[in-house]
Structures are given as structure tokens and as C-alpha cells.
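Asks: The file below is query_13.txt, compact mmCIF, C-alpha atoms:
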# COMPACT_ATOMS: atom_id res chain seq x y z
CA MET A 14 14.28 41.23 -11.18
CA MET A 15 17.88 42.23 -10.53
CA ASN A 16 16.77 44.30 -7.60
CA ALA A 17 14.78 41.43 -6.19
CA ALA A 18 17.73 39.11 -6.65
CA SER A 19 20.21 41.33 -4.81
CA LYS A 20 17.71 41.88 -2.01
CA ASN A 21 17.26 38.11 -1.83
CA THR A 22 20.90 37.56 -1.06
CA ASP A 23 20.73 39.98 1.83
CA ALA A 24 17.71 38.23 3.29
CA THR A 25 18.85 34.65 2.98
CA GLY A 26 22.60 34.80 2.53
CA ASN A 27 22.75 32.38 -0.38
CA GLY A 28 25.85 34.07 -1.66
CA ASN A 29 27.33 33.81 -5.11
CA LYS A 30 28.19 31.09 -7.56
CA THR A 31 30.15 31.27 -10.79
CA CYS A 32 28.42 31.86 -14.10
CA TRP A 33 29.01 28.88 -16.42
CA SER A 34 29.18 31.19 -19.43
CA CYS A 35 31.30 34.23 -18.50
CA LYS A 36 32.86 32.73 -15.32
CA GLY A 37 31.93 35.87 -13.41
CA PRO A 38 30.24 35.84 -10.00
CA VAL A 39 26.46 35.48 -10.04
CA ASP A 40 23.86 35.53 -7.28
CA ALA A 41 22.76 32.01 -6.26
CA VAL A 42 19.07 32.86 -6.69
CA ALA A 43 19.44 34.80 -9.97
CA LEU A 44 17.87 33.25 -13.04
CA PHE A 45 20.26 35.14 -15.31
CA CYS A 46 23.86 36.30 -14.98
CA ASP A 47 23.85 40.07 -14.61
CA THR A 48 27.17 40.35 -16.42
CA CYS A 49 26.54 38.29 -19.56
CA GLY A 50 22.80 37.63 -19.30
CA ALA A 51 23.13 33.82 -19.56
CA ILE A 52 20.49 31.63 -17.98
CA GLN A 53 21.78 29.93 -14.80
CA ALA A 54 21.28 26.46 -13.38
CA PRO A 55 18.65 26.28 -10.60
CA GLY A 56 21.12 24.95 -8.02
CA GLN A 57 20.33 23.41 -4.66
CA LEU A 58 18.20 26.10 -3.06
CA ASP A 59 15.42 25.39 -0.62
CA HIS A 60 11.97 26.58 -1.69
CA PHE A 61 12.07 29.64 0.56
CA ALA A 62 15.49 30.73 -0.62
CA ARG A 63 14.36 30.31 -4.21
CA PHE A 64 11.83 33.06 -3.65
CA GLY A 65 14.21 35.04 -1.48
CA ILE A 66 11.96 34.84 1.56
CA ALA A 67 12.67 33.90 5.15
CA ARG A 68 11.99 30.34 6.34
CA ASP A 69 8.70 31.20 7.98
CA PHE A 70 5.43 29.26 7.75
CA ASN A 71 3.52 32.50 7.18
CA VAL A 72 4.10 33.07 3.50
CA ASP A 73 2.68 35.97 1.52
CA ILE A 74 1.27 33.78 -1.26
CA ASP A 75 0.19 36.74 -3.42
CA ALA A 76 3.71 38.16 -3.34
CA ILE A 77 5.42 34.92 -4.29
CA GLU A 78 2.79 34.25 -6.94
CA THR A 79 3.52 37.60 -8.59
CA GLN A 80 7.22 36.82 -8.52
CA TYR A 81 6.60 33.27 -9.77
CA LEU A 82 4.53 34.41 -12.75
CA LYS A 83 7.08 37.05 -13.70
CA GLN A 84 9.90 34.50 -13.56
CA GLN A 85 7.96 31.90 -15.54
CA GLN A 86 7.43 34.56 -18.20
CA ALA A 87 11.18 35.23 -18.34
CA LEU A 88 11.71 31.47 -18.69
CA HIS A 89 9.10 30.94 -21.39
CA PRO A 90 10.35 28.48 -24.06
CA ASP A 91 9.68 31.07 -26.79
CA ARG A 92 12.45 33.21 -25.34
CA PHE A 93 14.90 30.35 -25.72
CA ALA A 94 13.91 29.25 -29.22
CA THR A 95 17.15 30.57 -30.76
CA LYS A 96 19.39 29.76 -27.77
CA SER A 97 21.82 26.89 -27.39
CA ALA A 98 20.73 23.42 -26.23
CA ARG A 99 22.39 24.05 -22.89
CA GLU A 100 20.47 27.27 -22.33
CA LYS A 101 17.20 25.61 -23.36
CA ALA A 102 17.85 22.81 -20.86
CA LEU A 103 18.77 25.24 -18.06
CA SER A 104 15.67 27.34 -18.64
CA GLN A 105 13.53 24.21 -18.36
CA GLN A 106 15.30 23.17 -15.15
CA GLN A 107 14.77 26.64 -13.69
CA ALA A 108 11.09 26.55 -14.64
CA ALA A 109 10.67 23.12 -13.03
CA SER A 110 12.44 24.15 -9.82
CA LEU A 111 10.35 27.30 -9.52
CA ASN A 112 7.19 25.37 -10.21
CA ASP A 113 8.06 22.83 -7.51
CA ALA A 114 8.87 25.59 -5.02
CA PHE A 115 5.67 27.51 -5.73
CA GLU A 116 3.37 24.47 -5.62
CA THR A 117 4.92 23.31 -2.34
CA LEU A 118 4.66 26.69 -0.62
CA LYS A 119 1.21 27.56 -1.97
CA ASN A 120 -0.62 24.81 -0.12
CA PRO A 121 -0.43 25.04 3.69
CA VAL A 122 -0.31 21.26 4.14
CA SER A 123 2.50 20.67 1.64
CA ARG A 124 4.31 23.71 3.08
CA ALA A 125 4.01 22.28 6.60
CA VAL A 126 5.16 18.83 5.43
CA TYR A 127 8.11 20.44 3.66
CA MET A 128 9.10 22.46 6.72
CA LEU A 129 8.81 19.42 8.98
CA ARG A 130 11.11 17.46 6.66
CA MET A 131 13.53 20.41 6.55
CA ALA A 132 13.67 20.13 10.33
CA GLY A 133 14.34 16.39 10.05
CA VAL A 134 10.88 15.44 11.30
CA GLU A 135 8.87 12.89 9.32
CA PRO A 136 5.23 14.00 9.02
CA GLU A 137 2.37 11.61 9.81
CA GLY A 138 0.67 9.66 7.10
CA GLY A 139 3.47 8.22 5.04
CA GLU A 140 2.90 5.27 2.75
CA GLY A 141 0.46 2.84 4.36
CA GLN A 142 0.43 4.65 7.69
CA THR A 143 -2.79 5.02 9.59
CA VAL A 144 -3.65 7.26 12.52
CA ASN A 145 -5.79 6.37 15.50
CA ASP A 146 -5.92 9.69 17.33
CA PRO A 147 -9.49 9.44 18.66
CA ALA A 148 -10.16 13.19 18.99
CA LEU A 149 -9.01 13.87 15.43
CA LEU A 150 -10.98 10.99 13.95
CA MET A 151 -14.14 11.72 15.94
CA GLU A 152 -14.04 15.28 14.64
CA ALA A 153 -13.50 14.08 11.07
CA MET A 154 -16.24 11.45 11.34
CA GLU A 155 -18.76 13.88 12.83
CA MET A 156 -18.08 16.52 10.20
CA ARG A 157 -18.39 14.03 7.36
CA GLU A 158 -21.63 12.63 8.82
CA ALA A 159 -23.06 16.14 9.14
CA LEU A 160 -22.17 16.79 5.51
CA ASP A 161 -23.75 13.49 4.52
CA ASP A 162 -26.97 14.49 6.30
CA ALA A 163 -27.05 18.03 4.92
CA GLY A 164 -29.84 18.16 2.37
CA ASP A 165 -29.97 21.71 1.07
CA ARG A 166 -27.65 24.45 -0.01
CA ALA A 167 -28.07 26.60 3.09
CA GLN A 168 -26.95 23.72 5.31
CA ILE A 169 -23.96 23.00 3.10
CA ASP A 170 -23.02 26.68 2.98
CA ALA A 171 -23.08 26.77 6.77
CA ILE A 172 -20.85 23.68 6.89
CA ILE A 173 -18.41 25.23 4.41
CA ARG A 174 -18.24 28.43 6.50
CA ASP A 175 -17.61 26.43 9.66
CA VAL A 176 -14.95 24.19 8.22
CA ARG A 177 -13.17 27.13 6.58
CA LYS A 178 -12.99 28.95 9.88
CA THR A 179 -11.81 25.84 11.71
CA ALA A 180 -9.20 25.24 9.01
CA ARG A 181 -7.97 28.86 9.25
CA ASP A 182 -7.62 28.55 13.02
CA CYS A 183 -5.82 25.23 12.60
CA GLU A 184 -3.48 26.76 10.02
CA ASN A 185 -2.57 29.49 12.50
CA GLU A 186 -1.82 26.83 15.10
CA VAL A 187 0.37 25.00 12.59
CA ALA A 188 2.23 28.27 11.94
CA THR A 189 2.84 28.89 15.64
CA ALA A 190 3.97 25.31 16.22
CA ILE A 191 6.32 25.09 13.24
CA ASN A 192 7.82 28.55 13.63
CA GLY A 193 8.25 27.85 17.34
CA GLY A 194 9.98 24.53 16.71
CA ALA A 195 7.21 22.54 18.46
CA TYR A 196 7.43 19.77 15.88
CA ASP A 197 5.46 17.08 17.73
CA ALA A 198 2.48 19.40 17.98
CA ALA A 199 3.07 20.55 14.39
CA ARG A 200 2.90 16.97 13.07
CA LYS A 201 -0.49 16.37 14.70
CA LEU A 202 -1.85 19.77 13.66
CA THR A 203 -0.72 19.20 10.09
CA THR A 204 -2.70 15.96 9.97
CA ARG A 205 -5.73 17.77 11.37
CA LEU A 206 -5.36 20.50 8.75
CA ARG A 207 -5.21 17.83 6.06
CA TYR A 208 -8.52 16.40 7.29
CA LEU A 209 -10.11 19.84 7.51
CA LEU A 210 -9.08 20.81 3.99
CA LYS A 211 -10.26 17.44 2.67
CA MET A 212 -13.58 18.06 4.42
CA ALA A 213 -13.85 21.54 2.86
CA GLN A 214 -13.14 20.02 -0.54
CA GLU A 215 -15.84 17.36 -0.06
CA ALA A 216 -18.32 20.02 1.05
CA ARG A 217 -17.63 22.12 -2.04
CA ALA A 218 -17.96 19.01 -4.22
CA LYS A 219 -21.33 18.19 -2.67
CA LYS A 220 -22.49 21.76 -3.22
CA ALA A 221 -21.45 21.54 -6.88
CA ARG A 222 -23.29 18.23 -7.28
CA LEU A 223 -26.39 19.74 -5.74
CA ALA A 224 -26.20 22.78 -8.02
CA ALA A 225 -25.80 20.56 -11.08
CA ALA A 226 -28.75 18.35 -10.17
CA MET B 6 -7.19 1.83 -14.42
CA ALA B 7 -9.43 -1.20 -14.33
CA TYR B 8 -10.91 -2.16 -10.98
CA SER B 9 -12.02 -5.69 -10.29
CA GLU B 10 -15.69 -6.64 -10.42
CA LYS B 11 -15.66 -7.59 -6.74
CA LEU B 12 -14.30 -4.19 -5.81
CA LEU B 13 -16.91 -2.37 -7.88
CA ASP B 14 -19.65 -4.56 -6.45
CA HIS B 15 -18.65 -3.73 -2.86
CA TYR B 16 -18.30 -0.08 -3.77
CA GLU B 17 -21.65 0.19 -5.52
CA ASN B 18 -23.54 -2.08 -3.10
CA PRO B 19 -21.67 -1.76 0.17
CA ARG B 20 -22.68 -4.35 2.78
CA ASN B 21 -23.33 -3.58 6.44
CA VAL B 22 -23.28 0.20 6.30
CA GLY B 23 -24.40 1.74 9.57
CA SER B 24 -23.69 2.05 13.26
CA PHE B 25 -24.24 0.31 16.58
CA ASP B 26 -24.47 2.13 19.88
CA LYS B 27 -20.83 2.44 20.81
CA ASN B 28 -21.68 2.50 24.52
CA GLU B 29 -23.07 -1.03 24.57
CA SER B 30 -20.73 -3.45 26.28
CA THR B 31 -21.12 -6.07 23.53
CA VAL B 32 -20.02 -3.57 20.88
CA GLY B 33 -16.43 -2.84 19.91
CA THR B 34 -15.68 0.28 17.86
CA GLY B 35 -12.61 0.94 15.76
CA LEU B 36 -11.97 4.37 14.33
CA VAL B 37 -8.96 4.78 12.06
CA GLY B 38 -7.81 7.19 9.40
CA ALA B 39 -5.42 7.40 6.50
CA PRO B 40 -4.02 10.90 6.87
CA ALA B 41 -2.42 10.96 3.45
CA CYS B 42 -5.86 10.99 1.84
CA GLY B 43 -8.00 12.39 4.65
CA ASP B 44 -9.99 9.17 4.85
CA VAL B 45 -11.80 8.08 7.99
CA MET B 46 -13.21 4.62 8.69
CA LYS B 47 -15.44 3.43 11.55
CA LEU B 48 -15.86 -0.29 12.00
CA GLN B 49 -18.02 -1.86 14.71
CA ILE B 50 -18.52 -5.42 15.85
CA ARG B 51 -21.21 -6.93 18.07
CA VAL B 52 -19.84 -9.88 20.02
CA SER B 53 -21.82 -12.72 21.63
CA ALA B 54 -21.15 -14.06 25.13
CA GLU B 55 -19.24 -16.92 23.44
CA GLY B 56 -16.88 -14.48 21.79
CA ILE B 57 -18.38 -14.83 18.30
CA ILE B 58 -18.85 -11.75 16.13
CA GLU B 59 -22.59 -11.80 15.45
CA ASP B 60 -22.78 -8.64 13.39
CA ALA B 61 -20.56 -5.93 11.99
CA LYS B 62 -21.17 -2.47 10.61
CA PHE B 63 -19.04 0.22 9.05
CA LYS B 64 -19.08 3.79 7.93
CA THR B 65 -16.26 4.94 5.68
CA PHE B 66 -15.63 8.34 4.19
CA GLY B 67 -12.98 7.82 1.59
CA CYS B 68 -12.26 6.45 -1.82
CA GLY B 69 -13.96 3.48 -3.46
CA SER B 70 -11.19 1.09 -2.43
CA ALA B 71 -11.51 2.11 1.22
CA ILE B 72 -15.29 1.60 1.09
CA ALA B 73 -14.93 -1.78 -0.63
CA SER B 74 -12.23 -2.92 1.82
CA SER B 75 -14.37 -2.10 4.84
CA SER B 76 -17.48 -3.60 3.28
CA LEU B 77 -15.63 -6.84 2.56
CA ILE B 78 -14.10 -7.13 6.02
CA THR B 79 -17.48 -6.70 7.74
CA GLU B 80 -18.73 -9.67 5.71
CA TRP B 81 -15.68 -11.73 6.55
CA VAL B 82 -15.71 -11.19 10.30
CA LYS B 83 -19.33 -12.18 10.82
CA GLY B 84 -19.53 -15.60 12.47
CA LYS B 85 -15.83 -15.59 13.33
CA THR B 86 -14.33 -15.55 16.81
CA ILE B 87 -12.60 -12.34 17.73
CA ALA B 88 -9.29 -14.17 17.56
CA GLU B 89 -10.00 -15.31 14.00
CA ALA B 90 -11.13 -11.83 12.98
CA GLY B 91 -8.01 -10.32 14.47
CA ALA B 92 -5.87 -12.60 12.35
CA ILE B 93 -7.21 -11.27 9.03
CA LYS B 94 -4.40 -9.70 7.06
CA ASN B 95 -4.64 -6.73 4.77
CA SER B 96 -2.98 -8.79 2.02
CA GLN B 97 -6.01 -11.10 1.99
CA ILE B 98 -8.31 -8.14 1.43
CA ALA B 99 -6.03 -6.67 -1.23
CA GLU B 100 -5.93 -10.01 -3.01
CA GLU B 101 -9.68 -10.62 -2.87
CA LEU B 102 -10.46 -7.17 -4.27
CA ALA B 103 -7.44 -7.13 -6.60
CA LEU B 104 -6.48 -3.72 -5.24
CA PRO B 105 -3.94 -1.85 -7.35
CA PRO B 106 -0.64 -1.10 -5.53
CA VAL B 107 -1.54 2.57 -4.91
CA LYS B 108 -4.65 1.40 -3.03
CA ILE B 109 -3.03 -1.19 -0.76
CA HIS B 110 -3.19 1.33 2.10
CA CYS B 111 -7.00 1.06 1.98
CA SER B 112 -6.77 -2.61 2.95
CA ILE B 113 -4.31 -1.70 5.73
CA LEU B 114 -6.91 0.75 6.99
CA ALA B 115 -9.53 -2.03 7.12
CA GLU B 116 -7.16 -4.37 8.97
CA ASP B 117 -6.29 -1.65 11.47
CA ALA B 118 -9.99 -0.85 11.92
CA ILE B 119 -10.97 -4.41 12.84
CA LYS B 120 -8.00 -4.66 15.20
CA ALA B 121 -9.02 -1.37 16.83
CA ALA B 122 -12.61 -2.59 17.19
CA ILE B 123 -11.45 -5.83 18.83
CA SER B 124 -9.14 -3.94 21.14
CA ASP B 125 -11.99 -1.60 22.13
CA TYR B 126 -14.24 -4.59 22.83
CA ASN B 127 -11.54 -6.28 24.90
CA THR B 128 -10.81 -3.13 26.88
CA LYS B 129 -14.48 -2.68 27.63
CA ASN B 130 -14.79 -6.27 28.75
CA GLY B 131 -11.63 -6.33 30.79
CA LYS B 132 -9.72 -8.71 28.57
CA ALA B 133 -6.10 -8.24 27.74
CA ALA B 134 -5.39 -7.43 24.11
CA ALA B 135 -2.89 -10.29 24.09
CA GLU B 136 -5.68 -12.79 24.63
CA ALA B 137 -7.32 -11.84 21.35
CA ALA B 138 -4.09 -12.24 19.47
CA GLU B 139 -3.72 -15.87 20.49
In C-alpha cells, what does this structure look like?

Replies:
Amino acid sequence: MMNAASKNTDATGNGNKTCWSCKGPVDAVALFCDTCGAIQAPGQLDHFARFGIARDFNVDIDAIETQYLKQQQALHPDRFATKSAREKALSQQQAASLNDAFETLKNPVSRAVYMLRMAGVEPEGGEGQTVNDPALLMEAMEMREALDDAGDRAQIDAIIRDVRKTARDCENEVATAINGGAYDAARKLTTRLRYLLKMAQEARAKKARLAAA
Amino acid sequence: MAYSEKLLDHYENPRNVGSFDKNESTVGTGLVGAPACGDVMKLQIRVSAEGIIEDAKFKTFGCGSAIASSSLITEWVKGKTIAEAGAIKNSQIAEELALPPVKIHCSILAEDAIKAAISDYNTKNGKAAAEAAE
């Protein structure tokens, strides 16, 4: 973990802060002080910096998941059973911050929404907001109608394959738009991706219902 | 969370589910979505020469509250003038169905859908949207 932490600083330039316990310098992304070993406060890091990765929509989910699981292990409450109240509290804060970062980055829609907000762009679909983009809604309506009409497993499997491919293509377009700073396009594509993933979820749910029947 | 009986009734026995031919000149179609939940709602009205909504149909893919809201509004708009239908407020729907606060957006979707349907009808028939709002 130390290695990962020092590499992180190089990649993102988060720099150092001061350890609350030994007052020595400690890497901003480090969970523990490498001088005295004390648990550190999570600090104000963005979700990418927390995992020591570049601010890029294309995230290697497997890599951050491995890192996430390892860190959650190091933060397990059992390891802090005999520690001070302050250390217990810090370990819980670290665990919560990591959890938030991982959950946000794991899902392409929440990652896109997060990156849009980082860029100061409010994504579509806030509280009580509706969309009336005809092309988007026609596509959503037609897909949902086709799913409604699908009677057997083979038809549903075909729909799931189709929507997965469409969603993958859409995700790539979101990546290009966000990484390229084309935020207007990214907002619309993110909404479309949301609809496509919702559609995929509904299709899987229908398949499960059919299998259970 | 307890849903009202009216809401459950509209959800379990939705009224006016279906479609009209959207190319007919007497038909207005509204298609709206709530992106936060991936819901999509289609609401159609058939309007008489006198400007009365003779029939209404809907198709909603979404949660129970969205289905109930669209079912209710299709019942309400039948027999109304397009101006009256356009004046229906989401708060009336929310109140009638006793929607919980997290589901208020479903009633907004229904209000937007009827407005979109009216606007489509007006556009098709060469009437200014402002006229319907009067």
C-alpha cells in the first residue's frame, strides 16, 4: 500500500499533509502515516484522487476494486478494537469516503454525473425535472414496448444482447464527450445511458420473472 | 410506506391504456420522461372539432405512481376543452392520489405529458400554443 500511495502522489499531485499523531509529513491519499502508522483523516480528495488515478472517464474498475477491497480490509473495525476513540472514528470516516468513491466510480452513470458536476455542469434529470427529447424518448418507448411484447426467453435474450451493445456504445460516446470537454453532448448522452441501463435492468427482471414462473 | 387506495386502484386497474394513431390530425401525442428514474410516459388525446377532448390514452413504463398519475389524468381530461385540460396542475394529481413527497415528480410527468400532447395537437392544427393556455 505504501508503494501505491507514493505512486499516487506522482500521478495526481495531491501532496502532503501533516499527521495528527506524530506531526510528520504524510501523503494526502495515505490511509496510514508511514512514520508512526496512525490512521489518517480522509480529507477533501476527489474520488479519482482517492484511488490515485487520473481524472478520466475510462476507469479500470477491476483495478480500483482490488485496491478498494484491500483498503477496506485494512480499515476493518476489528483492527481498531483496541485503538483510541479518535482512531476508531477516523477509520470509519476513511471507510465511508472510500465506499462513496468506489460506488460513484463503479457505475458509469453516477461516474458521468460526478464528472459533469466536477466540471460545473448540472446533469439532466434533477429533482422533478422531465425531458422531452423526442429521439431519446421514442427509442426508450420502442424498446420498452418490444420488451413488453416479448413472450419467450429467446426474444428476451435477444433484447438483452441488443440493449447491452447499445449501452456499451453509448458509454463509449459518454467517455469521448466527457474526456473531450463536450459537456452539452455528455449531458444528453448520460441521460440516454441512464435509459439504456434501466431498460437492461427491466429486461433482466422480466427474464427472471419468466424463469421463476 | 402506505400508498392510498386511489393510487393502488389506478395502478392495479389502469384506465385508458393504449394508443391512437399519432399521425391522425385529431390526435395530439405527448411523450415525456423522468430521466432520474428512466421512466417514459406517452399520453394521447383525441380532440373533437369543437375543441373537446373526446378520448385519451396512455402508455407508461415506470413506477406505480407514474402509472397511476397518467391513468388519473386521462380520466380527468376526457370531456374537457383543451384549455381546461392544459390548466390541470400536478399538485391536483398529487393530492388526489396522496402521492408521497418522493413521488411528486410522477405527477409533474403527467402534467408535462398532457401539456406536450396539447402542444402537439395545436402544432398539427396550426394553432398557437398561447391560445390553449388562455

Asks: Between CA of Ala115 in chain B and CA of Ala103 in chain B, what is the spacing in Å?

Replies: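 Calculated distance between CA of Ala103 in chain B and CA of Ala115 in chain B is 14.8 Å.
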
Asks: When you get a sec, could you note down which chain B residues fall within 7 Å of chain A, using all atoms listed in the file, as a PyMOL selection string?

Replies: chain B and resi 36-41+43+45+110+113-114

Asks: Please indicate the distance in Å from CA of Leu118 in chain A to CA of Leu58 in chain A, rounded to one decimal place.

Replies: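 Rounded to one decimal, the two atoms are 13.8 Å apart.
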
Asks: With only C-alpha atoms as the counted atoms, please give the residues lying no more than 10 Å from Tyr16 in chain B, apart from itself and same-chain residues fewer than 6 positions off, as a short mmCIF file (atom, residue, chain, number, x, y, z; two decimals) with C-alpha atoms, in the coordinates of the input.

Replies:
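File produced: result-v4.cif:
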data_model
loop_
_atom_site.label_atom_id
_atom_site.label_comp_id
_atom_site.auth_asym_id
_atom_site.auth_seq_id
_atom_site.Cartn_x
_atom_site.Cartn_y
_atom_site.Cartn_z
CA GLU B 10 -15.69 -6.64 -10.42
CA CYS B 68 -12.26 6.45 -1.82
CA GLY B 69 -13.96 3.48 -3.46
CA SER B 70 -11.19 1.09 -2.43
CA ALA B 71 -11.51 2.11 1.22
CA ILE B 72 -15.29 1.60 1.09
CA ALA B 73 -14.93 -1.78 -0.63
CA SER B 74 -12.23 -2.92 1.82
CA SER B 75 -14.37 -2.10 4.84
CA SER B 76 -17.48 -3.60 3.28
CA LEU B 77 -15.63 -6.84 2.56
#

Asks: Can you tell me, as an MDAnalysis selection string, what residues are no more than 10 Å from Val82 in chain B when counting only C-alpha atoms, ignoring any on the same chain fewer than 6 positions away?

Replies: chainID B and resid 50 57:61 89:91 93 119

Asks: What does the distance between CA of Glu116 in chain B and CA of Glu55 in chain B come to in Å, to one decimal place?

Replies: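 Taking CA of Glu116 in chain B as the start and CA of Glu55 in chain B as the end point, the length is 22.6 Å.
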
Asks: Given all atoms listed in the file as the basis, pick out the residue of B:Ile87, B:Ala54, B:Leu104, B:Leu48 nearest to Ala118 in chain B.

Replies: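 The answer is B:Leu48, which sits nearest to Ala118 in chain B.
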
Asks: Closest to Lys64 in chain B among B:Leu13, B:Met46, B:Ile98, B:Val32, using all atoms listed in the file?

Replies: B:Met46

Asks: I want to know what sits within 12 Å of range 81-95 of chain A, based on only C-alpha atoms, with residues of the same chain fewer than 3 positions away left out; could you give that as a PyMOL selection string?

Replies: chain A and resi 14-15+17-18+42-45+50-53+55+60+63-65+74-78+98-116+118-119

Asks: Between A:Leu160, A:Ile66, A:Cys183, A:Ile191, which is the closest to Val126 in chain A once you count only C-alpha atoms?

Replies: A:Ile191

Asks: Emit as AutoDock Vina command-line options the padded axis-aligned box for all listed atoms of range 121-135 of chain B, 8 Å per side, with centre and edge lengths in Å to one decimal.

Replies:
--center_x -8.8 --center_y -5.8 --center_z 23.8 --size_x 27.9 --size_y 24.9 --size_z 30.0

Asks: For Gln49 in chain B, find every residue with an atom within 7 Å (counting only C-alpha atoms), except residues of its own chain fewer than 4 positions away, and show them as an mmCIF file with C-alpha atoms, in the frame of the given file.

Replies:
data_model
loop_
_atom_site.group_PDB
_atom_site.id
_atom_site.type_symbol
_atom_site.label_atom_id
_atom_site.label_comp_id
_atom_site.auth_asym_id
_atom_site.auth_seq_id
_atom_site.Cartn_x
_atom_site.Cartn_y
_atom_site.Cartn_z
ATOM 1 C CA PHE B 25 -24.240 0.310 16.580
ATOM 2 C CA VAL B 32 -20.020 -3.570 20.880
ATOM 3 C CA GLY B 33 -16.430 -2.840 19.910
ATOM 4 C CA THR B 34 -15.680 0.280 17.860
ATOM 5 C CA GLY B 35 -12.610 0.940 15.760
ATOM 6 C CA ALA B 61 -20.560 -5.930 11.990
ATOM 7 C CA LYS B 62 -21.170 -2.470 10.610
ATOM 8 C CA PHE B 63 -19.040 0.220 9.050
ATOM 9 C CA ALA B 122 -12.610 -2.590 17.190
#

Asks: Hey, which of A:Ala221, A:Cys32, A:Ala67, A:Leu129 ends up closest to Ala54 in chain A? Count all atoms listed in the file.

Replies: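 Under the stated criterion, the closest residue is A:Cys32.
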